[in-house]
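Source file: final.tsv (TSV, C-alpha atoms)
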```
chain	number	residue	atom	x	y	z
A	897	MET	CA	4.18	19.70	1.19
A	898	PRO	CA	1.39	19.48	3.82
A	899	TYR	CA	2.35	19.53	7.48
A	900	GLN	CA	2.75	16.05	8.95
A	901	PHE	CA	1.41	15.74	12.47
A	902	ASP	CA	3.50	13.61	14.81
A	903	PHE	CA	2.51	12.72	18.37
A	904	SER	CA	4.82	9.74	18.73
A	905	TRP	CA	6.94	11.76	21.21
A	906	LEU	CA	4.17	11.38	23.80
A	907	ALA	CA	5.34	7.86	24.58
A	908	GLU	CA	8.78	9.15	25.55
A	909	TYR	CA	7.87	12.45	27.14
A	910	GLY	CA	4.53	11.54	28.74
A	911	PRO	CA	6.12	11.23	32.22
A	912	VAL	CA	7.58	14.73	31.84
A	913	LEU	CA	4.12	16.12	31.13
A	914	LEU	CA	2.64	14.22	34.07
A	915	HIS	CA	5.31	15.66	36.36
A	916	GLY	CA	4.43	19.14	35.10
A	917	VAL	CA	0.73	18.53	35.75
A	918	ARG	CA	1.52	17.33	39.28
A	919	VAL	CA	3.55	20.48	40.02
A	920	THR	CA	0.80	22.71	38.61
A	921	LEU	CA	-1.77	20.96	40.83
A	922	GLN	CA	0.51	21.40	43.85
A	923	LEU	CA	0.84	25.10	43.07
A	924	ILE	CA	-2.89	25.70	42.89
A	925	LEU	CA	-3.62	23.54	45.96
A	926	VAL	CA	-1.13	25.38	48.16
A	927	GLY	CA	-1.39	28.82	46.58
A	928	GLY	CA	-5.17	28.61	46.26
A	929	THR	CA	-5.77	27.52	49.85
A	930	LEU	CA	-3.39	30.05	51.39
A	931	GLY	CA	-4.55	32.78	49.02
A	932	ILE	CA	-8.20	32.36	50.06
A	933	LEU	CA	-7.20	32.44	53.73
A	934	VAL	CA	-5.21	35.64	53.16
A	935	GLY	CA	-8.18	37.07	51.27
A	936	ILE	CA	-10.55	36.31	54.16
A	937	ALA	CA	-8.21	37.96	56.68
A	938	CYS	CA	-7.71	41.05	54.52
A	939	ALA	CA	-11.43	41.32	53.76
A	940	TRP	CA	-12.17	41.28	57.48
A	941	VAL	CA	-9.64	44.07	58.04
A	942	ARG	CA	-11.03	46.22	55.24
A	943	ALA	CA	-14.67	45.70	56.19
A	944	LEU	CA	-14.69	45.28	59.96
A	945	GLY	CA	-11.13	45.35	61.30
A	946	PRO	CA	-9.11	47.96	63.17
A	947	LYS	CA	-8.76	51.24	61.29
A	948	ALA	CA	-5.00	51.22	61.89
A	949	LEU	CA	-4.73	48.22	59.55
A	950	HIS	CA	-6.91	49.62	56.77
A	951	TRP	CA	-4.15	51.57	55.04
A	952	PRO	CA	-1.52	48.77	54.95
A	953	VAL	CA	-4.04	46.23	53.68
A	954	SER	CA	-5.47	48.66	51.11
A	955	ALA	CA	-1.95	49.44	49.89
A	956	TYR	CA	-1.19	45.72	49.53
A	957	VAL	CA	-4.39	45.05	47.60
A	958	GLU	CA	-3.94	48.00	45.24
A	959	MET	CA	-0.28	47.24	44.60
A	960	ILE	CA	-0.91	43.59	43.74
A	961	ARG	CA	-4.01	44.23	41.64
A	962	ASN	CA	-2.25	46.90	39.59
A	963	THR	CA	1.03	45.15	38.83
A	964	PRO	CA	1.72	42.11	36.61
A	965	PHE	CA	1.95	38.72	38.28
A	966	LEU	CA	5.21	38.04	36.44
A	967	ILE	CA	6.83	41.13	37.98
A	968	GLN	CA	5.63	40.08	41.41
A	969	LEU	CA	7.17	36.65	40.86
A	970	PHE	CA	10.47	38.14	39.66
A	971	PHE	CA	10.58	40.53	42.62
A	972	ILE	CA	10.18	37.63	45.06
A	973	PHE	CA	12.63	35.27	43.34
A	974	PHE	CA	15.26	37.69	42.02
A	975	GLY	CA	14.70	40.82	44.12
A	976	LEU	CA	14.35	39.55	47.67
A	977	PRO	CA	17.76	37.81	47.66
A	978	GLY	CA	19.24	41.32	47.47
A	979	LEU	CA	17.73	41.86	50.93
A	980	GLY	CA	19.06	38.55	52.17
A	981	VAL	CA	15.83	36.56	51.67
A	982	GLN	CA	16.69	33.41	49.75
A	983	MET	CA	14.16	30.82	48.57
A	984	ASP	CA	13.96	28.10	45.96
A	985	GLU	CA	11.80	28.37	42.86
A	986	MET	CA	8.84	26.42	44.27
A	987	SER	CA	8.75	28.43	47.49
A	988	ALA	CA	8.84	31.64	45.45
A	989	ALA	CA	6.02	30.36	43.24
A	990	TYR	CA	3.89	29.40	46.27
A	991	LEU	CA	4.44	32.80	47.86
A	992	ALA	CA	3.73	34.74	44.66
A	993	MET	CA	0.51	32.84	43.99
A	994	THR	CA	-0.64	33.24	47.60
A	995	ILE	CA	0.00	36.99	47.60
A	996	ASN	CA	-1.59	37.47	44.19
A	997	LEU	CA	-4.75	35.48	44.87
A	998	GLY	CA	-5.03	36.96	48.36
A	999	ALA	CA	-5.38	40.49	46.99
A	1000	TYR	CA	-8.07	39.57	44.47
A	1001	ALA	CA	-9.88	37.29	46.91
A	1002	CYS	CA	-9.91	40.13	49.45
A	1003	GLU	CA	-11.95	42.37	47.17
A	1004	ILE	CA	-14.29	39.58	46.13
A	1005	ILE	CA	-14.96	38.52	49.72
A	1006	ARG	CA	-15.28	42.13	50.88
A	1007	ALA	CA	-18.07	42.60	48.34
A	1008	GLY	CA	-19.89	39.67	49.92
A	1009	ILE	CA	-19.41	41.10	53.40
A	1010	GLU	CA	-20.70	44.52	52.37
A	1011	ALA	CA	-23.82	42.89	50.95
A	1012	THR	CA	-24.60	41.37	54.36
A	1013	PRO	CA	-27.74	42.90	55.94
A	1014	LYS	CA	-26.92	45.20	58.87
A	1015	GLY	CA	-29.36	43.25	61.00
A	1016	GLN	CA	-26.90	40.37	61.15
A	1017	PHE	CA	-24.22	42.62	62.64
A	1018	GLU	CA	-26.74	43.99	65.13
A	1019	ALA	CA	-27.75	40.46	66.07
A	1020	GLY	CA	-24.13	39.61	66.80
A	1021	ALA	CA	-23.71	42.74	68.91
A	1022	SER	CA	-26.87	41.92	70.86
A	1023	LEU	CA	-25.29	38.59	71.79
A	1024	ALA	CA	-22.20	40.39	73.13
A	1025	MET	CA	-20.02	39.04	70.32
A	1026	THR	CA	-16.84	40.84	69.36
A	1027	ARG	CA	-16.41	42.05	65.78
A	1028	TRP	CA	-14.26	39.02	64.98
A	1029	GLU	CA	-16.75	36.60	66.54
A	1030	THR	CA	-19.61	38.22	64.63
A	1031	PHE	CA	-17.60	37.96	61.44
A	1032	ARG	CA	-16.62	34.34	62.00
A	1033	HIS	CA	-19.94	32.98	63.24
A	1034	VAL	CA	-22.54	35.21	61.58
A	1035	VAL	CA	-21.13	36.94	58.51
A	1036	LEU	CA	-18.39	34.83	56.91
A	1037	VAL	CA	-20.32	31.77	55.72
A	1038	PRO	CA	-23.22	33.69	54.06
A	1039	SER	CA	-20.69	36.06	52.49
A	1040	LEU	CA	-18.63	33.22	51.03
A	1041	GLN	CA	-21.77	31.51	49.77
A	1042	ARG	CA	-22.76	34.74	48.03
A	1043	ILE	CA	-19.45	35.21	46.20
A	1044	TRP	CA	-18.32	31.59	45.75
A	1045	PRO	CA	-18.81	31.52	41.93
A	1046	ALA	CA	-16.70	34.66	41.51
A	1047	LEU	CA	-14.04	33.36	43.88
A	1048	SER	CA	-13.97	30.03	42.03
A	1049	SER	CA	-13.40	31.84	38.74
A	1050	GLN	CA	-10.52	33.78	40.29
A	1051	VAL	CA	-8.89	30.57	41.51
A	1052	VAL	CA	-9.08	29.17	37.97
A	1053	ILE	CA	-7.55	32.39	36.59
A	1054	VAL	CA	-4.67	32.11	39.05
A	1055	MET	CA	-4.13	28.47	38.08
A	1056	LEU	CA	-3.86	29.45	34.42
A	1057	GLY	CA	-1.62	32.38	35.32
A	1058	SER	CA	0.70	30.01	37.17
A	1059	ALA	CA	2.20	29.16	33.77
A	1060	VAL	CA	4.63	32.06	34.23
A	1061	VAL	CA	6.39	30.27	37.11
A	1062	SER	CA	8.28	28.38	34.42
A	1063	GLN	CA	10.24	31.62	33.98
A	1064	ILE	CA	12.02	30.93	37.29
A	1065	ALA	CA	12.52	27.24	36.42
A	1066	ALA	CA	9.63	25.91	38.52
A	1067	GLU	CA	8.88	22.61	36.79
A	1068	ASP	CA	5.19	23.13	36.08
A	1069	LEU	CA	3.27	22.12	32.96
A	1070	THR	CA	4.54	25.04	30.88
A	1071	PHE	CA	8.13	24.28	31.90
A	1072	ALA	CA	7.56	20.67	30.81
A	1073	ALA	CA	6.10	21.78	27.46
A	1074	ASN	CA	9.04	24.11	26.82
A	1075	PHE	CA	11.49	21.35	27.70
A	1076	ILE	CA	9.80	18.83	25.40
A	1077	GLN	CA	9.59	21.29	22.50
A	1078	SER	CA	13.31	22.01	22.82
A	1079	ARG	CA	13.96	18.29	22.37
A	1080	ASN	CA	11.46	17.17	19.75
A	1081	PHE	CA	11.13	20.45	17.79
A	1082	ARG	CA	7.40	19.76	17.39
A	1083	ALA	CA	6.14	23.10	18.70
A	1084	PHE	CA	2.60	22.81	17.30
A	1085	GLU	CA	1.90	19.37	18.70
A	1086	THR	CA	3.64	20.04	22.03
A	1087	TYR	CA	1.79	23.25	22.79
A	1088	LEU	CA	-1.48	21.83	21.46
A	1089	VAL	CA	-1.25	19.00	23.98
A	1090	SER	CA	-0.31	21.37	26.82
A	1091	THR	CA	-3.19	23.68	25.87
A	1092	LEU	CA	-5.65	20.80	26.03
A	1093	ILE	CA	-4.26	19.76	29.41
A	1094	TYR	CA	-4.68	23.30	30.77
A	1095	LEU	CA	-8.23	23.36	29.40
A	1096	THR	CA	-9.00	20.06	31.13
A	1097	LEU	CA	-7.45	21.24	34.40
A	1098	ALA	CA	-9.48	24.47	34.30
A	1099	ILE	CA	-12.75	22.60	33.72
A	1100	LEU	CA	-11.98	20.06	36.46
A	1101	LEU	CA	-10.90	22.78	38.90
A	1102	ARG	CA	-14.07	24.79	38.29
A	1103	ARG	CA	-16.09	21.61	38.83
A	1104	ALA	CA	-14.17	20.80	42.02
A	1105	MET	CA	-14.77	24.30	43.35
A	1106	GLY	CA	-18.47	23.91	42.59
A	1107	LEU	CA	-18.62	20.62	44.50
A	1108	LEU	CA	-16.70	22.14	47.40
A	1109	GLY	CA	-19.15	25.03	47.46
A	1110	SER	CA	-22.10	22.63	47.53
A	1111	ALA	CA	-20.51	20.77	50.45
A	1112	LEU	CA	-19.66	23.93	52.41
A	1113	PHE	CA	-22.90	25.77	51.69
A	1114	PRO	CA	-25.73	23.25	51.35
A	1115	LYS	CA	-28.98	24.74	50.15
A	1116	ARG	CA	-31.64	24.91	52.78
A	1117	ARG	CA	-34.82	23.09	52.00
A	1118	PRO	CA	-37.97	25.14	52.36
A	1119	ALA	CA	-39.96	24.31	55.48
```
Any chance you could put this one into structure tokens?
Amino acid sequence: MPYQFDFSWLAEYGPVLLHGVRVTLQLILVGGTLGILVGIACAWVRALGPKALHWPVSAYVEMIRNTPFLIQLFFIFFGLPGLGVQMDEMSAAYLAMTINLGAYACEIIRAGIEATPKGQFEAGASLAMTRWETFRHVVLVPSLQRIWPALSSQVVIVMLGSAVVSQIAAEDLTFAANFIQSRNFRAFETYLVSTLIYLTLAILLRRAMGLLGSALFPKRRPA
């Protein structure tokens, strides 16, 4: 007997999916914004900051980039309470996404900084700017403009990877899909719909990052 597709459950469980989408968007908005800020700070330390901070930041970046995101999430949610640090599932998810994206963003942004012509650093020094002032006023914006497509792709990857936060009962889109499937027993249809939603979110997020990049780094018109 051929398989009979049934999407009638959408009428009942549509609000559950919408709630999951809203939580996923909250995760990427908070985790993405904080992660990029952490990445900028760490990139500054690794490229131009005090040498005393190089080792701690390098250790953080290597540890995060060489361990699974799921293990990082479990360590924060299940491990830290053993040290007396308690947090709810959403706080743990925000922190895990921030730390994870921050490490990857650090290396991406550092590549942009290292591609900056030395003359720009010399120009900052000639104006009696500190290293931080040179970085903030002279180096940062061109560096971000240079690596924005790669950074945008990493943000999308982190958004898709956020699906694992359902493992600690954060009510994201994957959590919603698992809940619905456990009620309607229509695994194919449920996960097909959630897959299409993730695909749509990824395309929209990439587009939003592109528009943000155009607003932050307008192309200069030739004189």
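When all atoms listed in the file are used to measure the gap to Ala1019 in chain A, the shortest distance among A:Phe1031, A:Phe974, A:Trp905, A:Phe1081 belongs to A:Phe1031.
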Could you list, as a PDB file with C-alpha atoms, in the coordinates of the input, every residue within 10 Å of Pro1045 in chain A, counting only C-alpha atoms and ignoring same-chain residues fewer than 4 positions away?
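What follows is the written file out-v3.pdb:
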```pdb
ATOM      1  CA  LEU A1040     -18.630  33.220  51.030  1.00  0.00           C
ATOM      2  CA  GLN A1041     -21.770  31.510  49.770  1.00  0.00           C
ATOM      3  CA  SER A1049     -13.400  31.840  38.740  1.00  0.00           C
ATOM      4  CA  GLN A1050     -10.520  33.780  40.290  1.00  0.00           C
ATOM      5  CA  VAL A1051      -8.890  30.570  41.510  1.00  0.00           C
ATOM      6  CA  ARG A1102     -14.070  24.790  38.290  1.00  0.00           C
ATOM      7  CA  MET A1105     -14.770  24.300  43.350  1.00  0.00           C
ATOM      8  CA  GLY A1106     -18.470  23.910  42.590  1.00  0.00           C
ATOM      9  CA  GLY A1109     -19.150  25.030  47.460  1.00  0.00           C
TER      10      GLY A1109
END
```
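Proximity of A:Lys947, A:Thr920, A:Gln1016, A:Thr1070 to Val1089 in chain A, computed with only C-alpha atoms, is greatest for A:Thr1070.
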Practice task
Using only C-alpha atoms, determine which residues lie at most 12 Å from Gly1057 in chain A, disregarding the query and same-chain residues fewer than 2 positions distant; provide the list as a PyMOL selection string.
Solution key: chain A and resi 920+923-924+927+964-966+969+989+992-993+996-997+1050-1055+1059-1063+1068-1070+1094+1098
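Residue nearest Leu1112 in chain A, chosen from A:Gly998, A:Ala1021, A:Val1037, A:Phe971 and counting all atoms listed in the file: A:Val1037.
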Completion exercise
The distance between CA of Val941 in chain A and CA of Val981 in chain A is 27.3 Å
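Minimum distance to Phe1084 in chain A across A:Thr963, A:Ser954, A:Gln900, A:Thr994 (counting only C-alpha atoms) occurs at A:Gln900.
The spacing separating CA of Asp902 in chain A from CA of Glu1067 in chain A amounts to 24.4 Å.
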Completion exercise
One residue among A:Ile1005, A:Ala907, A:Leu914, A:Val926 is nearest to Met986 in chain A when using all atoms listed in the file, and that residue is A:Val926
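Interatomic distance, CA of Glu985 in chain A to CA of Phe973 in chain A: 7.0 Å.
Proximity to Ile1076 in chain A was assessed for A:Pro946, A:Gly1020, A:Ile1099, A:Val912 counting only C-alpha atoms; the smallest distance is recorded for A:Val912.
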Exercise for the section: Mind checking which residues fall within 12 Å of Trp940 in chain A, counting only C-alpha atoms, ignoring those fewer than 4 positions away in the same chain, and posting them as a PyMOL selection string? Expected result: chain A and resi 933-936+944-947+949-950+953-954+1001-1010+1027-1032+1035-1036+1039
Write out the residues from the selection above, keeping C-alpha atoms, as a PDB file, keeping the file's coordinate frame.
```
ATOM      1  CA  LEU A 933      -7.200  32.440  53.730  1.00  0.00           C
ATOM      2  CA  VAL A 934      -5.210  35.640  53.160  1.00  0.00           C
ATOM      3  CA  GLY A 935      -8.180  37.070  51.270  1.00  0.00           C
ATOM      4  CA  ILE A 936     -10.550  36.310  54.160  1.00  0.00           C
ATOM      5  CA  LEU A 944     -14.690  45.280  59.960  1.00  0.00           C
ATOM      6  CA  GLY A 945     -11.130  45.350  61.300  1.00  0.00           C
ATOM      7  CA  PRO A 946      -9.110  47.960  63.170  1.00  0.00           C
ATOM      8  CA  LYS A 947      -8.760  51.240  61.290  1.00  0.00           C
ATOM      9  CA  LEU A 949      -4.730  48.220  59.550  1.00  0.00           C
ATOM     10  CA  HIS A 950      -6.910  49.620  56.770  1.00  0.00           C
ATOM     11  CA  VAL A 953      -4.040  46.230  53.680  1.00  0.00           C
ATOM     12  CA  SER A 954      -5.470  48.660  51.110  1.00  0.00           C
ATOM     13  CA  ALA A1001      -9.880  37.290  46.910  1.00  0.00           C
ATOM     14  CA  CYS A1002      -9.910  40.130  49.450  1.00  0.00           C
ATOM     15  CA  GLU A1003     -11.950  42.370  47.170  1.00  0.00           C
ATOM     16  CA  ILE A1004     -14.290  39.580  46.130  1.00  0.00           C
ATOM     17  CA  ILE A1005     -14.960  38.520  49.720  1.00  0.00           C
ATOM     18  CA  ARG A1006     -15.280  42.130  50.880  1.00  0.00           C
ATOM     19  CA  ALA A1007     -18.070  42.600  48.340  1.00  0.00           C
ATOM     20  CA  GLY A1008     -19.890  39.670  49.920  1.00  0.00           C
ATOM     21  CA  ILE A1009     -19.410  41.100  53.400  1.00  0.00           C
ATOM     22  CA  GLU A1010     -20.700  44.520  52.370  1.00  0.00           C
ATOM     23  CA  ARG A1027     -16.410  42.050  65.780  1.00  0.00           C
ATOM     24  CA  TRP A1028     -14.260  39.020  64.980  1.00  0.00           C
ATOM     25  CA  GLU A1029     -16.750  36.600  66.540  1.00  0.00           C
ATOM     26  CA  THR A1030     -19.610  38.220  64.630  1.00  0.00           C
ATOM     27  CA  PHE A1031     -17.600  37.960  61.440  1.00  0.00           C
ATOM     28  CA  ARG A1032     -16.620  34.340  62.000  1.00  0.00           C
ATOM     29  CA  VAL A1035     -21.130  36.940  58.510  1.00  0.00           C
ATOM     30  CA  LEU A1036     -18.390  34.830  56.910  1.00  0.00           C
ATOM     31  CA  SER A1039     -20.690  36.060  52.490  1.00  0.00           C
TER      32      SER A1039
END
```
